[in-house]
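Data block below; observations after.
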Amino acid sequence: MKKFIILVYGLIAYLVFLISFLYAIGFVSGFLVPKTINSATEGTGFLAILINLVLLSIFAIQHSVMARPTFKAWWVKIIGKPAERSTYILLTSLALLLLFWKWQPINTVVWEIDNSLLVWIIIGVAALGWLIVLLSTFMISHFELFGLTQIFDNFKNRTSQSPKFQTNFLYKIVRHPLMLGFIIAFWATPLMTVGHLIFAVITTVYILIAVKYLEEKDLRKIHGKDYEEYQKNVPMLLPFSKSTK
Ligand SMILES: C[S@@+](CC[C@H](N)C(=O)[O-])C[C@H]1O[C@@H](n2cnc3c(N)ncnc32)[C@H](O)[C@@H]1O
């Protein structure tokens with residue numbers, strides 16, 4: 001019975017993730033969803049900036065702290081191993097939905113492209129960014145990343161295998177294609193407002209810090225020399241650039 005409840009919990013967490021991911025596309029790229037990054041009702045000045053910074057910080061703190069090995073080791077004792085990843089995904093998705101809900105648009109225009117061909121090219125680049133994000137999750141194991149493998153293995157009394165270290169496909173071009181996809185999707189917009197710019201700058205800085213100082217540190221600990229070799233040969237985020245650690 002307990003295993004069945006964990007299975008249902010994990011499936012709900014995955015569903016909430018799917019909703020937040022699809023909403024994120026509409027929110028940032030500005031279509032199909034009721035509230036976007038530039039929705040008509042504008043926030044007020046300094047307070048709007050402050051609220052947005054708090055919302056981004058809630059996401060960043062939840063997403064980074066809960067991914068730390070020391071936090072995980074403690075948290076697993078409370079929540080149990082099979083439900084750990086699903087809980088992480090559920091809380092990340094809820095932090096994102098809170099951000100979309102309470103986001104304060106600041107609609108002063110930074111740039112606006114008029115040329116319709118250029119507009120479509122930029123929309124295409126943003127769509128490519130989202131596609132890179134999705135494809136990257138499948139390259140490193142989508143179902144493990146979102147906790148489904150763990151809840152199904154638990155249900156079937158199987159021990160979950162550690163995910164394989166991926167150096168192929170997009171991972172041959174950069175070490176963090178998923179994050180590169182997000183950066184492309186956040187910056188490629190024909191209409192850049194001050195609100196959107198704050199979002200793009202803060203998320204990009206967060207990605208750079210989290211990848212360089214947290215995720216890569218963990219990956220070096222797990223994969224040792226293999227990861228150091230990978231760092232020497234493949235650039236972090238900029239395709240075809242010289243690799244930097
Ligand atoms: C949200 S994913 C982002 C992966 C990567 N930073 C990227 O941008 O493509 C984070 C998870 O991917 C795992 N990961 C990162 N690089 C990996 C690789 N080359 N092969 C397998 N897993 C990887 C990390 O251990 C972490 O659990």
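Note on naming: chains are A, B, ... as they come in the structure tokens, residues start from 1 per chain, ligands start from 1 in the order shown.
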
Please return as a VMD selection string: the residues of stretch 63-117 of chain A that backbone DSSP assigns to alpha helix (DSSP H). chain A and resid 63 to 65 69 to 79 81 to 102 116 to 117

Check which residues of chain A sit at most 9 Å from ligand 1 using only C-alpha atoms and all ligand atoms, and return one row each with the closest pair of atoms and their distance in Å to one decimal, ordered by chain and rising number, as JSON lines.
{"residue": "A:Ala67", "atom": "CA", "partner": "ligand 1", "partner_atom_place_in_ligand_line": "27 (O)", "distance": 8.0}
{"residue": "A:Val133", "atom": "CA", "partner": "ligand 1", "partner_atom_place_in_ligand_line": "9 (O)", "distance": 7.8}
{"residue": "A:Ser136", "atom": "CA", "partner": "ligand 1", "partner_atom_place_in_ligand_line": "9 (O)", "distance": 6.0}
{"residue": "A:Thr137", "atom": "CA", "partner": "ligand 1", "partner_atom_place_in_ligand_line": "2 (S)", "distance": 7.0}
{"residue": "A:Met139", "atom": "CA", "partner": "ligand 1", "partner_atom_place_in_ligand_line": "21 (C)", "distance": 8.1}
{"residue": "A:Ile140", "atom": "CA", "partner": "ligand 1", "partner_atom_place_in_ligand_line": "21 (C)", "distance": 4.9}
{"residue": "A:Ser141", "atom": "CA", "partner": "ligand 1", "partner_atom_place_in_ligand_line": "21 (C)", "distance": 7.7}
{"residue": "A:Leu145", "atom": "CA", "partner": "ligand 1", "partner_atom_place_in_ligand_line": "11 (C)", "distance": 6.6}
{"residue": "A:Pro163", "atom": "CA", "partner": "ligand 1", "partner_atom_place_in_ligand_line": "21 (C)", "distance": 6.5}
{"residue": "A:Lys164", "atom": "CA", "partner": "ligand 1", "partner_atom_place_in_ligand_line": "21 (C)", "distance": 5.6}
{"residue": "A:Phe165", "atom": "CA", "partner": "ligand 1", "partner_atom_place_in_ligand_line": "20 (N)", "distance": 3.7}
{"residue": "A:Gln166", "atom": "CA", "partner": "ligand 1", "partner_atom_place_in_ligand_line": "20 (N)", "distance": 3.6}
{"residue": "A:Thr167", "atom": "CA", "partner": "ligand 1", "partner_atom_place_in_ligand_line": "19 (N)", "distance": 5.4}
{"residue": "A:Asn168", "atom": "CA", "partner": "ligand 1", "partner_atom_place_in_ligand_line": "19 (N)", "distance": 8.3}
{"residue": "A:Leu170", "atom": "CA", "partner": "ligand 1", "partner_atom_place_in_ligand_line": "9 (O)", "distance": 8.4}
{"residue": "A:Tyr171", "atom": "CA", "partner": "ligand 1", "partner_atom_place_in_ligand_line": "19 (N)", "distance": 6.2}
{"residue": "A:Lys172", "atom": "CA", "partner": "ligand 1", "partner_atom_place_in_ligand_line": "19 (N)", "distance": 9.0}
{"residue": "A:Val174", "atom": "CA", "partner": "ligand 1", "partner_atom_place_in_ligand_line": "9 (O)", "distance": 8.1}
{"residue": "A:Arg175", "atom": "CA", "partner": "ligand 1", "partner_atom_place_in_ligand_line": "19 (N)", "distance": 6.2}
{"residue": "A:His176", "atom": "CA", "partner": "ligand 1", "partner_atom_place_in_ligand_line": "8 (O)", "distance": 3.3}
{"residue": "A:Pro177", "atom": "CA", "partner": "ligand 1", "partner_atom_place_in_ligand_line": "9 (O)", "distance": 4.2}
{"residue": "A:Leu178", "atom": "CA", "partner": "ligand 1", "partner_atom_place_in_ligand_line": "8 (O)", "distance": 3.7}
{"residue": "A:Met179", "atom": "CA", "partner": "ligand 1", "partner_atom_place_in_ligand_line": "8 (O)", "distance": 3.9}
{"residue": "A:Leu180", "atom": "CA", "partner": "ligand 1", "partner_atom_place_in_ligand_line": "8 (O)", "distance": 6.5}
{"residue": "A:Gly181", "atom": "CA", "partner": "ligand 1", "partner_atom_place_in_ligand_line": "8 (O)", "distance": 8.0}
{"residue": "A:Phe182", "atom": "CA", "partner": "ligand 1", "partner_atom_place_in_ligand_line": "8 (O)", "distance": 8.6}
{"residue": "A:Ile207", "atom": "CA", "partner": "ligand 1", "partner_atom_place_in_ligand_line": "8 (O)", "distance": 8.7}
{"residue": "A:Ala210", "atom": "CA", "partner": "ligand 1", "partner_atom_place_in_ligand_line": "6 (N)", "distance": 8.9}
{"residue": "A:Val211", "atom": "CA", "partner": "ligand 1", "partner_atom_place_in_ligand_line": "6 (N)", "distance": 6.2}
{"residue": "A:Glu215", "atom": "CA", "partner": "ligand 1", "partner_atom_place_in_ligand_line": "24 (C)", "distance": 6.5}
{"residue": "A:Glu216", "atom": "CA", "partner": "ligand 1", "partner_atom_place_in_ligand_line": "15 (C)", "distance": 7.7}
{"residue": "A:Asp218", "atom": "CA", "partner": "ligand 1", "partner_atom_place_in_ligand_line": "25 (O)", "distance": 7.2}
{"residue": "A:Leu219", "atom": "CA", "partner": "ligand 1", "partner_atom_place_in_ligand_line": "25 (O)", "distance": 6.0}
{"residue": "A:Ile222", "atom": "CA", "partner": "ligand 1", "partner_atom_place_in_ligand_line": "25 (O)", "distance": 8.6}
{"residue": "A:Tyr227", "atom": "CA", "partner": "ligand 1", "partner_atom_place_in_ligand_line": "19 (N)", "distance": 8.3}
{"residue": "A:Tyr230", "atom": "CA", "partner": "ligand 1", "partner_atom_place_in_ligand_line": "19 (N)", "distance": 8.6}
{"residue": "A:Leu237", "atom": "CA", "partner": "ligand 1", "partner_atom_place_in_ligand_line": "8 (O)", "distance": 8.3}

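Distance-wise, atom CA of A:Pro69 and atom CA of A:Leu208 end up 19.3 Å apart.
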
Applying 10 Å and only C-alpha atoms, which residues near A:Asn107 remain after dropping the ones on its own chain fewer than 3 positions away? List them as a PyMOL selection string. chain A and resi 37-43+104+110+191-196

Could you write out, as a PyMOL selection string, all the residues of stretch 33-182 of chain A that DSSP marks as strand (DSSP E or B)? chain A and resi 109-112

Name the residues in contact with A:Lys102 at a cut-off of 9 Å, using only C-alpha atoms, excluding same-chain residues fewer than 6 positions from it; report them as number ranges by chain. A: 51-52, 55

Quick one: residues within 8 Å of A:Phe17, only C-alpha atoms counted, chain neighbours fewer than 2 positions away excluded, as number ranges by chain? A: 13-15, 19-21, 89-90, 93

For those residues, write N, CA and C atoms to a file as a PDB file, in the first residue's frame.
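For reference, selection_12.pdb as written:
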ATOM      1  N   ALA A  13       3.586  14.494  -8.726  1.00  0.00           N
ATOM      2  CA  ALA A  13       4.726  15.431  -8.782  1.00  0.00           C
ATOM      3  C   ALA A  13       5.144  15.650 -10.239  1.00  0.00           C
ATOM      4  N   TYR A  14       5.165  14.560 -11.038  1.00  0.00           N
ATOM      5  CA  TYR A  14       5.559  14.669 -12.447  1.00  0.00           C
ATOM      6  C   TYR A  14       4.536  15.514 -13.227  1.00  0.00           C
ATOM      7  N   LEU A  15       3.252  15.306 -12.907  1.00  0.00           N
ATOM      8  CA  LEU A  15       2.193  16.074 -13.574  1.00  0.00           C
ATOM      9  C   LEU A  15       2.336  17.570 -13.259  1.00  0.00           C
ATOM     10  N   ILE A  19       3.019  20.659 -15.918  1.00  0.00           N
ATOM     11  CA  ILE A  19       2.224  21.902 -15.965  1.00  0.00           C
ATOM     12  C   ILE A  19       3.156  23.116 -15.826  1.00  0.00           C
ATOM     13  N   SER A  20       4.087  23.052 -14.866  1.00  0.00           N
ATOM     14  CA  SER A  20       4.949  24.225 -14.636  1.00  0.00           C
ATOM     15  C   SER A  20       5.904  24.432 -15.813  1.00  0.00           C
ATOM     16  N   PHE A  21       6.362  23.334 -16.441  1.00  0.00           N
ATOM     17  CA  PHE A  21       7.274  23.466 -17.583  1.00  0.00           C
ATOM     18  C   PHE A  21       6.537  24.092 -18.778  1.00  0.00           C
ATOM     19  N   ILE A  89      11.305  17.646  -7.212  1.00  0.00           N
ATOM     20  CA  ILE A  89      10.662  18.129  -8.439  1.00  0.00           C
ATOM     21  C   ILE A  89       9.356  18.860  -8.117  1.00  0.00           C
ATOM     22  N   LEU A  90       8.592  18.301  -7.179  1.00  0.00           N
ATOM     23  CA  LEU A  90       7.312  18.912  -6.803  1.00  0.00           C
ATOM     24  C   LEU A  90       7.547  20.308  -6.224  1.00  0.00           C
ATOM     25  N   SER A  93       8.685  22.779  -8.858  1.00  0.00           N
ATOM     26  CA  SER A  93       7.574  23.171  -9.725  1.00  0.00           C
ATOM     27  C   SER A  93       6.656  24.158  -8.994  1.00  0.00           C
TER      28      SER A  93
END

Which residue, A:Pro82, A:Gly30, A:Gly224, A:Pro239, has the smallest gap to A:Ile151 when you use only C-alpha atoms? A:Pro82
